[in-house]
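In what follows, a single structure is set out as structure tokens and then discussed.
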Amino acid sequence: MSASSTSPLIRNAWYAAATSAEVGRTLLGRHLLGTPVVLYRTEAGEPVALLDACAHRQFPLSRSALVGDDIRCGYHGFTFASSGECVHIPSSPRIPRDARVRRFPLVERHDMLWLWPGDPALADPSRIPDCPWLDGSAKVSYYAHLRAHYQLLIENLLDFSHVPYVHHDQQGHPELARVIPRAREHGDTVVSTRVMRESSTPPLWSDVMGLPLGASMDHDQRFEFRAPSAVCIRQAVWASQDPGQRYPFSTTHFMTPDGCGATHYWSWVSLEWEGVDPATLERMDRGAREVADQDVVALEAQQALHDRLRDGAVAHGVVSVPFDAGSLLTRQVLVRMAKRERETAPEPRSAAS
Amino acid sequence: MSASSTSPLIRNAWYAAATSAEVGRTLLGRHLLGTPVVLYRTEAGEPVALLDACAHRQFPLSRSALVGDDIRCGYHGFTFASSGECVHIPSSPRIPRDARVRRFPLVERHDMLWLWPGDPALADPSRIPDCPWLDGSAKVSYYAHLRAHYQLLIENLLDFSHVPYVHHDQQGHPELARVIPRAREHGDTVVSTRVMRESSTPPLWSDVMGLPLGASMDHDQRFEFRAPSAVCIRQAVWASQDPGQRYPFSTTHFMTPDGCGATHYWSWVSLEWEGVDPATLERMDRGAREVADQDVVALEAQQALHDRLRDGAVAHGVVSVPFDAGSLLTRQVLVRMAKRERETAPEPRSAAS
Amino acid sequence: MSASSTSPLIRNAWYAAATSAEVGRTLLGRHLLGTPVVLYRTEAGEPVALLDACAHRQFPLSRSALVGDDIRCGYHGFTFASSGECVHIPSSPRIPRDARVRRFPLVERHDMLWLWPGDPALADPSRIPDCPWLDGSAKVSYYAHLRAHYQLLIENLLDFSHVPYVHHDQQGHPELARVIPRAREHGDTVVSTRVMRESSTPPLWSDVMGLPLGASMDHDQRFEFRAPSAVCIRQAVWASQDPGQRYPFSTTHFMTPDGCGATHYWSWVSLEWEGVDPATLERMDRGAREVADQDVVALEAQQALHDRLRDGAVAHGVVSVPFDAGSLLTRQVLVRMAKRERETAPEPRSAAS
Ligand code: FES
Ligand code: FES
Ligand code: FES
């Protein structure tokens, strides 16, 4: 019986809320961990995340007006500063003491905005997943609102044996499934590594790295799940005959549950060797998009089936094989984090606002 | 925490079911207070409301045939008189005693049909909201199937501080929010009055009354919520310099919950001064439609957010200001009516049919 | 109060899963009794039904690849033989013992595939509804995914008093409702017979049998409900003056609940006299389609109303007349079968896989 679709949400953690480019002087409403959030930047460029619900009668602030650094509610004009404090009520000179909306900790890093939906006292920015390779390198990005539980996405990313089947046209060398990764935990991080020697260069890497199609290729991978919201895959490939010319690259994946069963999914591919030209980046962008779209289609089909089976009358098992060690560890880490959060904050609702 | 979306339905009351013009010699099916109702007129013009479910196997009578004054069911031909009694069964000369459908009390008044969904013994027509100004005056009408709880609509109508924000293009004088109405209860009615002096004439009233745009204008308003299904707003405006030439008008609003979370919303604007010409009425119609559409958009956005927040993990408060006194009274009246109904009729289902 | 929409599903029975022609060398996914099933044929033509969920991570096998007689999962390539056994795992030479998917008993008969969703030990093919007239005769077929509970369909088929109303254009002789059928039970079968003399030939039978429109016609009918999944109606008509020239025909109906409130509905019309020409069969096909479509529209309207009424606040009765005897017996048989199944298999879920 799969536990994946029913894992509880973890609130005391940093989650990707948007790319830096998405948030500016327009109000952006987004549902994150079951919470409506409105995102914008002050005139000075500081990013702000507030609860997307006016303190008066709960009209969406994202459907209101941005006036300087403040939001003026579109219903009766209550105005809130970027701190969340109400600073003006058209019909009343006196402002009630509890007239404010919750402001969420929000930190900009690596072209992403990171939001902490849980207890603000615990929001330590040093716990944001550190991805220095995202700064400065040639990179392409992808976003999808994935109608699947975020744990299915994590397991997809940790289990690369799916590549020859889901992505057979782009990266279809079946050898990928034969080399079993080595997986282990470090606290709330799961690391899985894999060394592949003398596999056949598939179309995508042939195009991007310029290796001859089908030529013997070596490939190192290091998967890191930084629970609960990031999977970083540091990789390198090279022609087996030319180990001196390595092509290092990373795929970095952020997953943020929307709280309604779907997941905000961002992914970046960074090409980390010198002299990546625009045409190569353009080919990478196209390939990354096709690959990610294939994952989305597969995961949504899997989720739809899980939803059916949950209420069904037929018993069904789930078997695992050694290759699954990494993804099974990610489940354990998530269950443990959720349990820990439940025990330390028995009443998250009252602590939250 | 807003109680608005969870207020219980009140069944022992008159509710607008349709306009007079909507109901004729065609069967009209409509869901009112969770009950499917079929509406039509007899050959003599008498309006009839029956439960929209055949007594045999519960086929919708609104998808059946009107034969003279009777409905012949579209499934097996059982035929029901306008009294609800079964008068013919094709396959059986004997008609079972309980072969009848429920007929609802229905009264035509002020170009509307009023239905009593509760205990028929209590259906006193004198309790229909009396709106004599609707008879005879120049008027325009509006209808929407509003996907929001009816109490949100009532609060919208009682709280005119939304006008400069939701309707800023048509009636946008911010002074409207500054004059606090005086609200009080009379039994199940909430009355709120407001006197505005020397505000600036907005585009809509300038066009309709012919006052110069932006000129100083006086405006009296009297809001009356006749629980649970009508809000009547009697108003007058005039140029501040010419108090002798008053322009009296009324906006009359009927709200009927469909029982599935949405609301049938009818509104009328009556221009009650002498000599309203067709062009003025046409301008009023356009303006009233734009204003009502703006309210519908805002209320549906508010309801969608409330639905999200109800299951959400973030605590959120609702603050009120003096301007909200009227709308807070409407909540109290509704809660009290529902409580009274529950206590006097502990088993509404068995009493109902 | 109608019990029809809430009757429990019966799992230990044969159900139509597809027509023979629908299933071939392409994977077909279908939901039957709340269970996702994948259907295909081996290279030798044998029809196969497996649970449509990979044993590894529950990816839909119907969105996978058919390779010879095996299905190779579209996610990580686990490969399952037609027995349901896993025969290959790309990443693992060892195949875990429980790596298999459930195979359902499936029998081909009368151009249909019959599936047994319950305990395989009880799947006796001699219990498949026997319809020899479906083999060889001139026949036409119909399929709809009917958004109504299957019991509403059974009652429709047993209660021919609906014909003059639902099908008034094709078969509209009101005499049909006047002759009450004689209904009785034989174990889990309900039989209802009816003899009509000197009714008026309606358009459809006039066209198909070549009888003069409106001429006096005799009509014998024998309805047989073979619980829970088949209704067979053996019939004959002839001109009242020419009893020697009979036109025997059958309408055969299979209903399989999908487990989500809707029903897979197949029906066949077999013309059983000698020398039916293609034009006659084409006319029959058109007529049968129009008639079945009318039933589908009526049943979906009835179901939509039942869904509304179930949560409604208005009490409503259901009255029955002598004509309903047959359909009332079908309810009793279904309730009894479900009770029997519950008592003999107290834990169907654990017994199932
Ligand atoms: S709901 Fe925002 S000001 Fe009233
Ligand atoms: S359902 Fe109306 S007559 Fe049978
Ligand atoms: S889900 Fe089928 S092989 Fe993994």
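Every chain in the structure tokens takes a letter, A first, then B, and so on in the order presented; its residues are numbered from 1, and the ligands are numbered from 1 following the presented order.
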
Please extract the residues at most 9 Å from ligand 1, counting only C-alpha atoms and all ligand atoms, and provide them as a list in words, using the chain letters and residue numbers of this document.
-> Ala53, Cys54, Ala55, His56, Arg57, Gln58, Phe59, Pro60, Leu61, Ser64, Arg72, Cys73, Gly74, Tyr75, His76, Gly77, Phe78, Thr79, Ile89 and Pro90 of chain A; Ser161, His162, Gln302, Val318 and Ser320 of chain B

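Residues within 9 Å of Leu299 (chain B), counting only C-alpha atoms and excluding same-chain residues fewer than 4 positions away, are Phe59 of chain A; Leu146, Arg147, Ala148, His149, Leu152, Leu153, Asn156, Gln294, Asp295, Gln303 and Ala304 of chain B.
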
What is the CA of Leu204 (chain C) to CA of Ala230 (chain C) distance in Å?
-> 24.1 Å

Of the residues A:Ser91, A:Ser229, A:Ser200, A:Gln241, which is the one nearest to chain B, using only C-alpha atoms?
->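 Among the listed residues, A:Ser91 lies closest to chain B.
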
Secondary structure check, strand (DSSP E) residues of region 145-336 of chain A, as an NGL selection string = :A and (145-146 or 182-186 or 189-200 or 216-226 or 230-239 or 247-257 or 263-271)

Residues of region 43-195 of chain A in alpha helix (DSSP H) according to DSSP, as a list in words?
->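 Taking region 43-195 of chain A and keeping alpha helix (DSSP H) only, one gets Tyr150, Gln151, Leu152, Leu153, Ile154, Glu155, Asn156, Leu157, Leu158, Val163, Pro164, Tyr165, Val166, His168, Asp169, Gln170 and Gln171 of chain A.
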
May I have the residues within 10 Å of region 245-254 of chain C as a ChimeraX atom specification, using only C-alpha atoms and disregarding those fewer than 6 positions away in the same chain?
-> /C:15-17,112,129,131,133-134,137-143,150,153-154,157,205,208-209,218-226,228-239,263-274,288

May I ask for the distance between CA of Arg102 (chain A) and CA of Leu115 (chain A), given in Å to one decimal place?
-> 12.8 Å

By how many Å are CA of Met255 (chain B) and CA of Gln151 (chain B) apart?
->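 Between CA of Met255 (chain B) and CA of Gln151 (chain B) the gap works out to 8.9 Å.
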
Who sits within 12 Å of Pro93 (chain A), only C-alpha atoms, same chain under 2 positions skipped, as JSON, numbers by chain = {"A": [78, 86, 87, 88, 89, 90, 91, 95, 96], "B": [177, 178, 179, 180, 321, 322, 323]}
